[in-house]
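In what follows, a single structure is set out as structure tokens and then discussed.
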Amino acid sequence: MIQNDNQATSFLQQPMDQIVDFKKMFKPLFRYKWRILTFSVLVSVLVSFFLLSMTPIFSATSTLLIESEQAKAIKIDEVYGINSGQQEYYLTQFEIIKSRTIAERVFNDLDLINHPTFNQPPSLLSQLKSNLKFVPKEQAGEFNVDENAVKQRLIEGFSKNISVSPVRNTQLVKISYESPDANLAALVSNAIGDTYILSQLEAKSGMTHKANVWLGGRLEELRLKLDESENRLEEFKINNGLIDVEGVTALDAKELESLRDEITLARSRKAQADSFMSVVQRYGATDISRLESLPEVTSHQSIQNVKREVVLVERKVSELEQVYGPKHPKMIAAYAELATVEKNLHRQITRLVQGIEDEAKTAAQKLQDLQAQFNDSKGSYQNLSSIDTDYRRLVREIDTNQQLFESFLARQKETEVTGDFDSPIARFTDRAVVPLLPVKPKKKVLVLLTFFASLVFGGVVVLLLEALNDTVKSNEDVEKLLAQRALGYIPKANKKASFEDINFAFYDKNLPLHSEAVRTIRTSISLMSIGGDLNTIEVTSSVPNEGKTNVSMNLAFAYSTMEKVLLIDADLRKSSLGVRFGLPTYQPGLANLLAKTDTVENCIISNIKPNVDIMPAGAIPLNPQELLSSETFADLLAELKKSYTKIIIDTPPVHAVSDALVISSKCDAVVVVVKSANTRIDAIKMTLAKINQARGKVVGVVLNQFNTKEAKHYNGDYGYYQAYGQDYAIKQDNEKAS
């Protein structure tokens with residue numbers, strides 16, 4: 001809250017000139033509102049006449065449905081190369097509709113070159129060019145426009161009037177055509193859709209025919225290749241004596257596998273025999289007792305059977321020894337049986353060793369034979385495998401050619417079937433009808449837009465000119481921009497008023513506003529004299545034609561109602577005061593007095609108006625500035641103050657010559673006249689600065705030729721004088737009548 005209060009306080013403490021005055025900003029709009037409105041009305045009327053002269057344009061629209069998947073008897077997308085699922089498909093179709101090819105085809109089909117819309121008579125410029133006789137032949141040939149070029153330009157203009165707009169999120173597209181002829185607009189809109197559909201069907205048919213021709217040529221080539229590959233296979237079979245290559249290679253593979261197994265078994269047996277023989281050779285073939293303990297011997301079936309008998313006999317002998325003595329017949333028989341069994345065991349071991357030795361030799365021989373047979377079979381199998389590889393390659397070639405031939409044959413049959421099936425890529429959902437009302441120009445809308453646009457444009461121009469206008473236009477501008485007192489203004493005279501009416505408007509009872517404005521200036525100057533007398537008042541301006549002489553005369557007339565006034569024309573270079581009062585040009589005046597060639601009595605015209613005496617400029621001297629800066633002029637003023645309580649001095653403009661600066665230091669007050677809305681601010685500021693440097697006392701600024709009619713519309717203060725002036729005039733007339 002404290003922060004908000006501080007912000008509010010700081011805002012209130014800001015200078016008033018920093019606050020944007022929107023009312024003042026828009027005052028120019030109120031001042032020139034009737035001009036802006038008149039401008040807008042005139043522009044709108046001109047636009048209305050222009051719109052009435054314009055040819056109305058009609059627009060007809062047809063709607064097409066472009067199908068993403070066309071109806072097909074057989075799908076042959078591979079032949080047509082169309083991928084309607086692509087996102088770019090519809091955009092492509094839209095561009096085809098807008099293409100120059102479609103437009104040119106429609107233009108030719110409808111024979112639009114002879115249509116009145118396009119077959120316009122030549123323009124005036126073209127006729128003038130064709131009728132030029134002074135142009136050389138080389139240049140004259142350039143004007144002979146080629147018919148083809150004319151047609152191409154007509155087609156380009158025709159294409160520009162075609163518009164294609166897709167309907168969002170649908171497969172619909174709208175085709176519009178604009179033309180001054182309503183019937184032609186509908187005809188062209190429908191013709192574009194028909195031509196697009198027909199062109200797509202023709203393209204499809206042409207593509208099918210091209211595919212048939214190409215497939216037919218390829219089929220013949222593939223048939224020849226298939227026959228050639230089959231002939232090569234038959235020749236290969238004959239040359240290699242093959243009937244069933246696959247069966248032969250299978251048998252050879254099984255034979256090699258069987259031989260490989262037998263070799264493995266033979267190697268195992270030979271290894272076992274060699275291992276046993278190495279043990280026998282290490283222990284000796286006669287050491288039966290040691291051989292008997294070998295696992296290779298004991299594990300043999302025959303040895304195990306004999307040893308089983310030996311064990312039985314030994315058990316029998318052991319049992320008999322417990323009963324009988326050694327010489328008992330049963331014991332003798334048992335010992336004999338035991339010896340027989342042991343002998344049989346030794347014999348079986350000997351046979352086993354001999355058999356294993358024979359087996360080792362047989363296994364080695366068999367292994368050698370199997371290895372030789374395997375090597376022979378392997379070589380024959382490798383030769384047969386190479387033949388099989390070539391055979392399979394030829395078979396694969398036949399299969400490939402067969403597949404290609406069958407595939408191309410199927411494609412040809414498909415294209416033959418679909419060649420007679422015309423499926424349109426698009427169809428009409430709505431055909432264009434003849435429009436009843438034109439689409440442009442939209443006269444009411446354009447006139448309203450023109451009116452408001454011109455209204456805004458006029459307002460912007462006024463504001464822009466107002467912003468760029470750096471002149472003084474009101475008493476407020478005098479005080480804010482020049483930092484001077486605004487003494488008042490002199491109303492702008494009527495344009496029909498004569499020169500004499502303007503000069504003596506103060507005495508015109510029909511212009512009470514003028515006299516009241518002058519009296520207001522007099523009052524403002526009189527208020528400045530409080531605390532000191534303002535006997536001599538210099539009236540000057542920045543540049544010529546600002547009305548300083550007229551202001552001088554009006555001030556003299558205003559003061560004359562209260563005191564004796566002397567009006568001096570100090571513009572010794574371009575005097576005009578004597579002429580305004582009707583004095584002859586040879587009338588002596590100020591220049592004569594300063595040159596001491598005449599007397600004061602001869603140079604002053606008394607009572608030229610009630611209580612108004614005038615001293616004209618007199619003869620134009622060669623050195624006016626030296627005369628005005630002399631002590632003679634100062635002495636003259638001092639002498640004249642004795643006879644007149646008010647002396648009004650009309651001086652030249654400050655920027656023209658420096659005479660006014662010389663006089664300013666000799667006067668009690670300086671009044672600067674500014675032509676309203678005419679003199680630039682920088683020029684006025686420079687004038688004030690020069691007067692201050694010359695030690696002149698500027699008491700204020702008077703606005704001359706002020707337009708009160710415009711001012712009172714946006715600032716009512718200027719209108720008050722009108723009412724008061726009228727009341728005053730009525731009062732004076734009543735007093736005189738009584």
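The chains in the structure tokens are called A, B, ... from first to last as shown; in each chain the residues are counted from 1, and the ligands are counted from 1 in the order shown.
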
> Any idea what's packed within 7 Å of Phe405 (chain A), counting only C-alpha atoms, ignoring anything in its chain fewer than 2 positions away? Could you give it as a VMD selection string?
Replying inline: chain A and resid 219 222 to 223 401 to 403 407 to 409

For the selection just defined, write its residues with C-alpha atoms to a file, as a PDB file, in the first residue's frame.
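Once everything was written out, this is result-v4.pdb:
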ATOM      1  CA  LEU A 219       7.751 -63.263 -72.809  1.00  0.00           C
ATOM      2  CA  LEU A 222      12.011 -65.667 -71.640  1.00  0.00           C
ATOM      3  CA  ARG A 223      10.549 -68.535 -73.687  1.00  0.00           C
ATOM      4  CA  ASN A 401      13.528 -69.121 -66.319  1.00  0.00           C
ATOM      5  CA  GLN A 402      10.349 -71.097 -65.760  1.00  0.00           C
ATOM      6  CA  GLN A 403       9.274 -68.864 -62.862  1.00  0.00           C
ATOM      7  CA  SER A 407       5.186 -64.597 -63.821  1.00  0.00           C
ATOM      8  CA  PHE A 408       5.363 -62.488 -66.976  1.00  0.00           C
ATOM      9  CA  LEU A 409       2.725 -64.666 -68.608  1.00  0.00           C
TER      10      LEU A 409
END

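Candidate residues A:Cys603, A:Leu572, A:Ile113, A:Leu636 were compared for distance to Leu622 (chain A), and the nearest is A:Leu572, using only C-alpha atoms.
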
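Taking CA of Pro438 (chain A) as the reference point, CA of Ser59 (chain A) is found at 6.9 Å.
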
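Proximity of A:Arg485, A:Arg680, A:Arg315, A:Arg573 to Tyr335 (chain A), computed with only C-alpha atoms, is greatest for A:Arg315.
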
>> Please list as a ChimeraX atom specification every residue within 9 Å of Asn161 (chain A), counting only C-alpha atoms and excluding residues in the same chain fewer than 4 positions away.
In response: /A:157,176-179

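Counting only C-alpha atoms, the residue from A:Val699, A:Ile197, A:Leu367, A:Leu627 that sits nearest to Ala486 (chain A) is A:Val699.
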
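Counting only C-alpha atoms and comparing A:Phe50, A:Tyr391, A:Tyr89, A:Trp214, the residue that lies closest to Gln171 (chain A) is A:Tyr89.
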
>> Applying 12 Å and only C-alpha atoms, which residues near Lys641 (chain A) remain after dropping the ones on its own chain fewer than 3 positions away? List them as a list in words.
In response: Asp533, Leu534, Asn535, Thr536, Ile537, Lys564, Val565, Leu566, Ala634, Asp635, Leu636, Leu637, Ala638, Tyr644, Thr645, Lys646, Ile647, Ile648, Cys667 and Asp668 of chain A

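Put simply, CA of Lys473 (chain A) is 9.2 Å away from CA of Asn707 (chain A).
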
> Got a sec: who's within 12 Å of Ala683 (chain A), counting only C-alpha atoms, leaving out chain neighbours fewer than 6 positions off, as a list in words?
Replying inline: Asp470, Thr471, Val472, Leu482, Ser541, Ser542, Val543, Pro544, Pro653, Val654, His655, Ala656, Val672, Val674, Lys675, Ala689 and Lys690 of chain A

> Hey, which of A:Val445, A:Met686, A:Ala595, A:Ala570 ends up closest to Thr651 (chain A)? Count only C-alpha atoms.
Replying inline: A:Ala570

>> Let's see if you can do this: from backbone DSSP, list all strand (DSSP E or B) residues in region 521-611 of chain A, as a PyMOL selection string.
In response: chain A and resi 536-541+565-569+605-609

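For the residues A:Asp682, A:Glu235, A:Asp369, A:Glu626, ranking by smallest atom-to-atom distance to Ser658 (chain A) using only C-alpha atoms places A:Glu626 first.
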
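Look at Pro584 (chain A): the protein and nucleic acid residues within 12 Å of it, using only C-alpha atoms and passing over chain neighbours fewer than 4 places away, are Ser576, Leu577, Gly578, Val579, Arg580, Pro588, Gly589, Ile605, Pro616, Ala617, Gly618 and Ala619 of chain A.
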
With C-alpha atoms retained, write the just-selected residues as an mmCIF file, in the first residue's frame.
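So again.cif came out as:
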data_model
loop_
_atom_site.group_PDB
_atom_site.id
_atom_site.type_symbol
_atom_site.label_atom_id
_atom_site.label_comp_id
_atom_site.auth_asym_id
_atom_site.auth_seq_id
_atom_site.Cartn_x
_atom_site.Cartn_y
_atom_site.Cartn_z
ATOM 1 C CA SER A 576 2.786 50.625 -46.668
ATOM 2 C CA LEU A 577 1.090 52.576 -43.862
ATOM 3 C CA GLY A 578 0.583 55.772 -45.879
ATOM 4 C CA VAL A 579 -0.899 53.843 -48.795
ATOM 5 C CA ARG A 580 -3.421 52.142 -46.459
ATOM 6 C CA PRO A 588 6.984 63.643 -45.933
ATOM 7 C CA GLY A 589 7.416 61.528 -42.840
ATOM 8 C CA ILE A 605 -1.147 63.917 -40.405
ATOM 9 C CA PRO A 616 4.262 57.963 -42.639
ATOM 10 C CA ALA A 617 7.719 56.687 -43.628
ATOM 11 C CA GLY A 618 8.326 59.561 -46.003
ATOM 12 C CA ALA A 619 10.947 59.500 -48.730
#
